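Asker: Pasting in a structure now, in structure tokens, and then I'll have a few things to ask.
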Amino acid sequence: MISIYELSNVLKAIGSAYTTRELECVMDEVDTNKDGFINLQEFAELYLSFFSVPLTLS
Ligand SMILES: [Ca+2]
């Protein structure tokens, strides 16, 4: 699973720098089961919102 800190690094890696406040908003949107981490399904939904292409999990 991905923590908010790792999410921050991922977003920087794809060229989207977020402030801590923005990250908290994104995390609130993405972390649908509110466990404080992003699981694979939640990440797939985030990925879709960024790229408008489903993440293929093979
Ligand atoms: Ca979660």
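Within each chain, counting starts at residue 1; across the structure tokens, chains are named A, B, ... in the order shown, with ligands numbered 1 upward in that order.
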Could you pull out the residues sitting within 6 Å of ligand 1, using only C-alpha atoms and all ligand atoms, and write them as a list of chain:residue names?

Answerer: A:Asp31, A:Thr32, A:Asn33, A:Lys34, A:Asp35, A:Gly36, A:Phe37, A:Ile38, A:Asn39

Asker: Please produce a file of those selected residues containing N, CA and C atoms, as a short mmCIF file (atom, residue, chain, number, x, y, z; two decimals), in the first residue's frame.

Answerer:
data_model
loop_
_atom_site.label_atom_id
_atom_site.label_comp_id
_atom_site.auth_asym_id
_atom_site.auth_seq_id
_atom_site.Cartn_x
_atom_site.Cartn_y
_atom_site.Cartn_z
N ASP A 31 -8.54 8.03 -0.83
CA ASP A 31 -8.57 7.02 0.23
C ASP A 31 -10.02 6.73 0.62
N THR A 32 -10.69 5.98 -0.22
CA THR A 32 -12.13 5.80 -0.06
C THR A 32 -12.51 5.01 1.18
N ASN A 33 -11.61 4.13 1.67
CA ASN A 33 -11.94 3.38 2.89
C ASN A 33 -11.31 3.99 4.14
N LYS A 34 -10.67 5.18 3.95
CA LYS A 34 -10.17 6.00 5.06
C LYS A 34 -9.24 5.26 6.02
N ASP A 35 -8.35 4.44 5.46
CA ASP A 35 -7.39 3.75 6.33
C ASP A 35 -6.04 4.46 6.35
N GLY A 36 -5.95 5.58 5.64
CA GLY A 36 -4.71 6.36 5.66
C GLY A 36 -3.67 5.90 4.65
N PHE A 37 -4.01 4.88 3.88
CA PHE A 37 -3.11 4.38 2.85
C PHE A 37 -3.89 4.18 1.56
N ILE A 38 -3.15 4.15 0.47
CA ILE A 38 -3.77 3.92 -0.83
C ILE A 38 -3.49 2.49 -1.25
N ASN A 39 -4.53 1.70 -1.36
CA ASN A 39 -4.32 0.33 -1.83
C ASN A 39 -4.35 0.30 -3.35
#

Asker: What parts of chain A does DSSP call helix (DSSP H, G or I)? I'd like the answer as a PDB file with C-alpha atoms, in the first residue's frame.

Answerer:
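Output saved as result19.pdb:
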ATOM      1  CA  ILE A   4       0.580   9.894   1.703  1.00  0.00           C
ATOM      2  CA  TYR A   5       4.338  10.500   1.627  1.00  0.00           C
ATOM      3  CA  GLU A   6       4.850   7.953  -1.097  1.00  0.00           C
ATOM      4  CA  LEU A   7       1.899   9.419  -2.976  1.00  0.00           C
ATOM      5  CA  SER A   8       3.651  12.778  -2.824  1.00  0.00           C
ATOM      6  CA  ASN A   9       6.757  11.232  -4.384  1.00  0.00           C
ATOM      7  CA  VAL A  10       4.703   9.516  -7.076  1.00  0.00           C
ATOM      8  CA  LEU A  11       2.958  12.764  -7.994  1.00  0.00           C
ATOM      9  CA  LYS A  12       6.306  14.592  -8.154  1.00  0.00           C
ATOM     10  CA  ALA A  13       7.668  11.809 -10.356  1.00  0.00           C
ATOM     11  CA  THR A  20       0.651  19.400   1.747  1.00  0.00           C
ATOM     12  CA  ARG A  21      -2.841  20.909   1.848  1.00  0.00           C
ATOM     13  CA  GLU A  22      -3.578  19.770  -1.701  1.00  0.00           C
ATOM     14  CA  LEU A  23      -2.180  16.343  -0.929  1.00  0.00           C
ATOM     15  CA  GLU A  24      -4.541  16.026   2.006  1.00  0.00           C
ATOM     16  CA  CYS A  25      -7.451  16.861  -0.292  1.00  0.00           C
ATOM     17  CA  VAL A  26      -6.280  14.338  -2.879  1.00  0.00           C
ATOM     18  CA  MET A  27      -5.767  11.740  -0.170  1.00  0.00           C
ATOM     19  CA  ASP A  28      -9.263  12.383   1.150  1.00  0.00           C
ATOM     20  CA  GLU A  29     -10.661  11.841  -2.340  1.00  0.00           C
ATOM     21  CA  VAL A  30      -8.581   8.785  -3.128  1.00  0.00           C
ATOM     22  CA  LEU A  40      -4.042  -0.993  -5.347  1.00  0.00           C
ATOM     23  CA  GLN A  41      -7.698  -0.381  -6.188  1.00  0.00           C
ATOM     24  CA  GLU A  42      -7.598   3.171  -4.867  1.00  0.00           C
ATOM     25  CA  PHE A  43      -4.365   3.807  -6.764  1.00  0.00           C
ATOM     26  CA  ALA A  44      -5.928   2.475  -9.955  1.00  0.00           C
ATOM     27  CA  GLU A  45      -8.747   5.002  -9.559  1.00  0.00           C
ATOM     28  CA  LEU A  46      -6.271   7.828  -8.931  1.00  0.00           C
ATOM     29  CA  TYR A  47      -4.303   6.763 -11.989  1.00  0.00           C
ATOM     30  CA  LEU A  48      -7.476   6.820 -14.070  1.00  0.00           C
ATOM     31  CA  SER A  49      -8.300  10.343 -12.865  1.00  0.00           C
ATOM     32  CA  PHE A  50      -4.838  11.540 -13.914  1.00  0.00           C
ATOM     33  CA  PHE A  51      -4.410   9.813 -17.238  1.00  0.00           C
TER      34      PHE A  51
END
